[in-house]
Each structure stands twice: as structure tokens, then as C-alpha cells.
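Enquirer: Pasting a structure below so you can have a look.
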Amino acid sequence: MDSVIRRLHRKELPIDTVELARYLIGKTLIHDLPVERLMGRIVETEAYPVGDPSGHAFRGPTKGNRSLYLARGHAYVHLAYGTSYLLNISSELDGIGAGVLLRALEPLDGITLMVRHRRTRRVLDLARGPGRLASAMGIDKRYDGADLCAGGPLRLGREVRESGPIGRSERIGITRAADRMLRFYERGNPFVSGRQRLRS
DNA sequence: TTGGCGATTGGCT
DNA sequence: GCCAATCGCCAAT
């Protein structure tokens, strides 16, 4: 059934970090593993545009953030606090550093394998939060730099269901430029992270 | 070469 | 709600 999900082509992605963050709500993230296909519906994102002091490309290109400078649609995988991998999608033209953080998925397929990747059986908690999302989807540093528009095992797909109303808020867990409204989410979706005010 | 610092999570109070 | 775990990155020494 999921094989009908058409992948997203780079040309379809908006060439703007904030627009891309909004655009990705309702789209799918697919990871084909030998055993099983993992798939989820993107329900929460955050934009880290050019010039944002919280963005990992803020101080210019380094060895660690180079994936953010790839053409929009490439993965930038970062290890946070030594414990959690976070998946970003590069969001501008080749050579410009910016990204969109994927913060939560509504699991659609491969849930039994996601449960094994995580330490919970609660479907609601499988991919609610950026570290949980990466863990459930089997994403780690090996995918840093992967092209998510190229039809490889990890890729973006078209929506299976149109997004409901999209909410907008400040971003979670940062201190610099914390008041900017750069977080997007499907309103009322129970798979969105954060407290009630940030989900409604 | 080093130390301070996170785009988090899960467990405990 | 608070806090420790844990480690790669990078600016400064």
C-alpha cells in the first residue's frame, strides 16, 4: 500500500526555509529497511533560516554542519546532548546553510519495528519529539548528507492525507532568538510534541 | 589540546 | 517540574 507513495522531487520543495517548514507538514518520511518499511506523517517542524543565531550554520560552514549547505532536501543529522540524533532537512540552494528540523511524526507503517527501536509500546510516544523520531525511524549519523529526494532508502514522500489547519509557535528547547515564530504543526494532532498550548 | 556547551529524553520527586 | 546522562564539535588556549 505504501509503495504508491510518490517521492518528492527537489523541484517541488520551496526554496525558502520557513516555507519549506510549513510545506512539509502532512508529507511523509519513508525509510526502507531490509526487513520492513518505516513510514510516518510529518506533523511538526521547526525552521532554522539563514542568519538565525540558533541555526547550526550561524557561524559559517564547518566540518560538522556541511550538510546544511547542500541543496534543499538533503539530511543533516546531528547528535544532541550525546544521546539523541536529530534529523534536519537542508532548505536552501546549494552553498547556503539552513535547515528544517523534523520534530514529530504520526506513525503510519512499520510500527512493530518502531516499537523495537524505542523503549515504549505507546504509539503516541514513538515519534513525538525529534530524538524519538530519529530513533523510531532508525536514523543515525550514517544518514548525514543523504539525499532525501533521490529515491534512496530514506526519502520524502507526498502526503497520504491532507494536513488540517497548521499552527505556528515559538521553537522548543532553544535560548537564542527563542521568541521567533518558526515552529509549525498540525493543530490538534496528538502526535505533536510539547505541552498542550503548543499543540492546539 | 582542552573544556564548555547543547535543536533531548526518561526517570524520579 | 527537576535533573543527570553522555559525547561530538569547535572556539580558545
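Every chain in the C-alpha cells has a letter given in the order shown (A, B, ...), and although residue numbers restart at 1 in each chain, ligands are simply numbered from 1 in the order shown.
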Please return as a count of residues only: the residues of range 73-192 of chain A that backbone DSSP assigns to strand (DSSP E or B).

Expert: 39

Enquirer: Using only C-alpha atoms (C1' of nucleotides), I'd like a table of the residues in chain B that come within 9 Å of chain A; for each, show the closest atom pair and its distance in Å rounded to one decimal, ordered by chain and ascending number, as JSON lines.

Expert:
```
{"residue": "B:DG6", "atom": "C1'", "partner": "A:Tyr81", "partner_atom": "CA", "distance": 6.0}
{"residue": "B:DA7", "atom": "C1'", "partner": "A:Ile174", "partner_atom": "CA", "distance": 6.4}
{"residue": "B:DT8", "atom": "C1'", "partner": "A:Ser84", "partner_atom": "CA", "distance": 6.2}
{"residue": "B:DT9", "atom": "C1'", "partner": "A:Gly131", "partner_atom": "CA", "distance": 7.7}
```

Enquirer: Give one line per residue of chain B that approaches chain C to at most 9 Å, naming the two atoms of the closest pair and their distance in Å to one decimal, counting only C-alpha atoms (C1' of nucleotides); sort by chain then ascending residue number and deliver it as CSV.

Expert:
```
residue,atom,partner,partner_atom,distance
B:DT1,C1',C:DT13,C1',8.4
B:DT2,C1',C:DT13,C1',7.9
B:DC12,C1',C:DC2,C1',9.0
B:DT13,C1',C:DC2,C1',8.3
```

Enquirer: Go ahead and save the picked residues with C-alpha atoms (C1' of nucleotides), as an mmCIF file, in the first residue's frame.

Expert:
```cif
data_model
loop_
_atom_site.group_PDB
_atom_site.id
_atom_site.type_symbol
_atom_site.label_atom_id
_atom_site.label_comp_id
_atom_site.auth_asym_id
_atom_site.auth_seq_id
_atom_site.Cartn_x
_atom_site.Cartn_y
_atom_site.Cartn_z
ATOM 1 C "C1'" DT B 1 44.926 20.034 23.318
ATOM 2 C "C1'" DT B 2 41.022 21.163 26.052
ATOM 3 C "C1'" DC B 12 12.285 10.356 39.895
ATOM 4 C "C1'" DT B 13 10.261 13.758 43.385
#
```

Enquirer: If I take CA of Ala98 in chain A and CA of His74 in chain A, how far is one from the other in Å, to one decimal?

Expert: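 Between these atoms lies a distance of 11.0 Å.
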
Enquirer: Which is closest to chain C among A:Gly188, A:Pro61, A:Gly151, A:Pro53, if we use only C-alpha atoms (C1' of nucleotides)?

Expert: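 Looking only at the distances to chain C, the closest residue turns out to be A:Pro61.
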
Enquirer: Just to confirm, what's the straight-line distance from CA of Arg195 in chain A to CA of Arg183 in chain A in Å (one decimal)?

Expert: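 These two atoms are separated by 13.5 Å.
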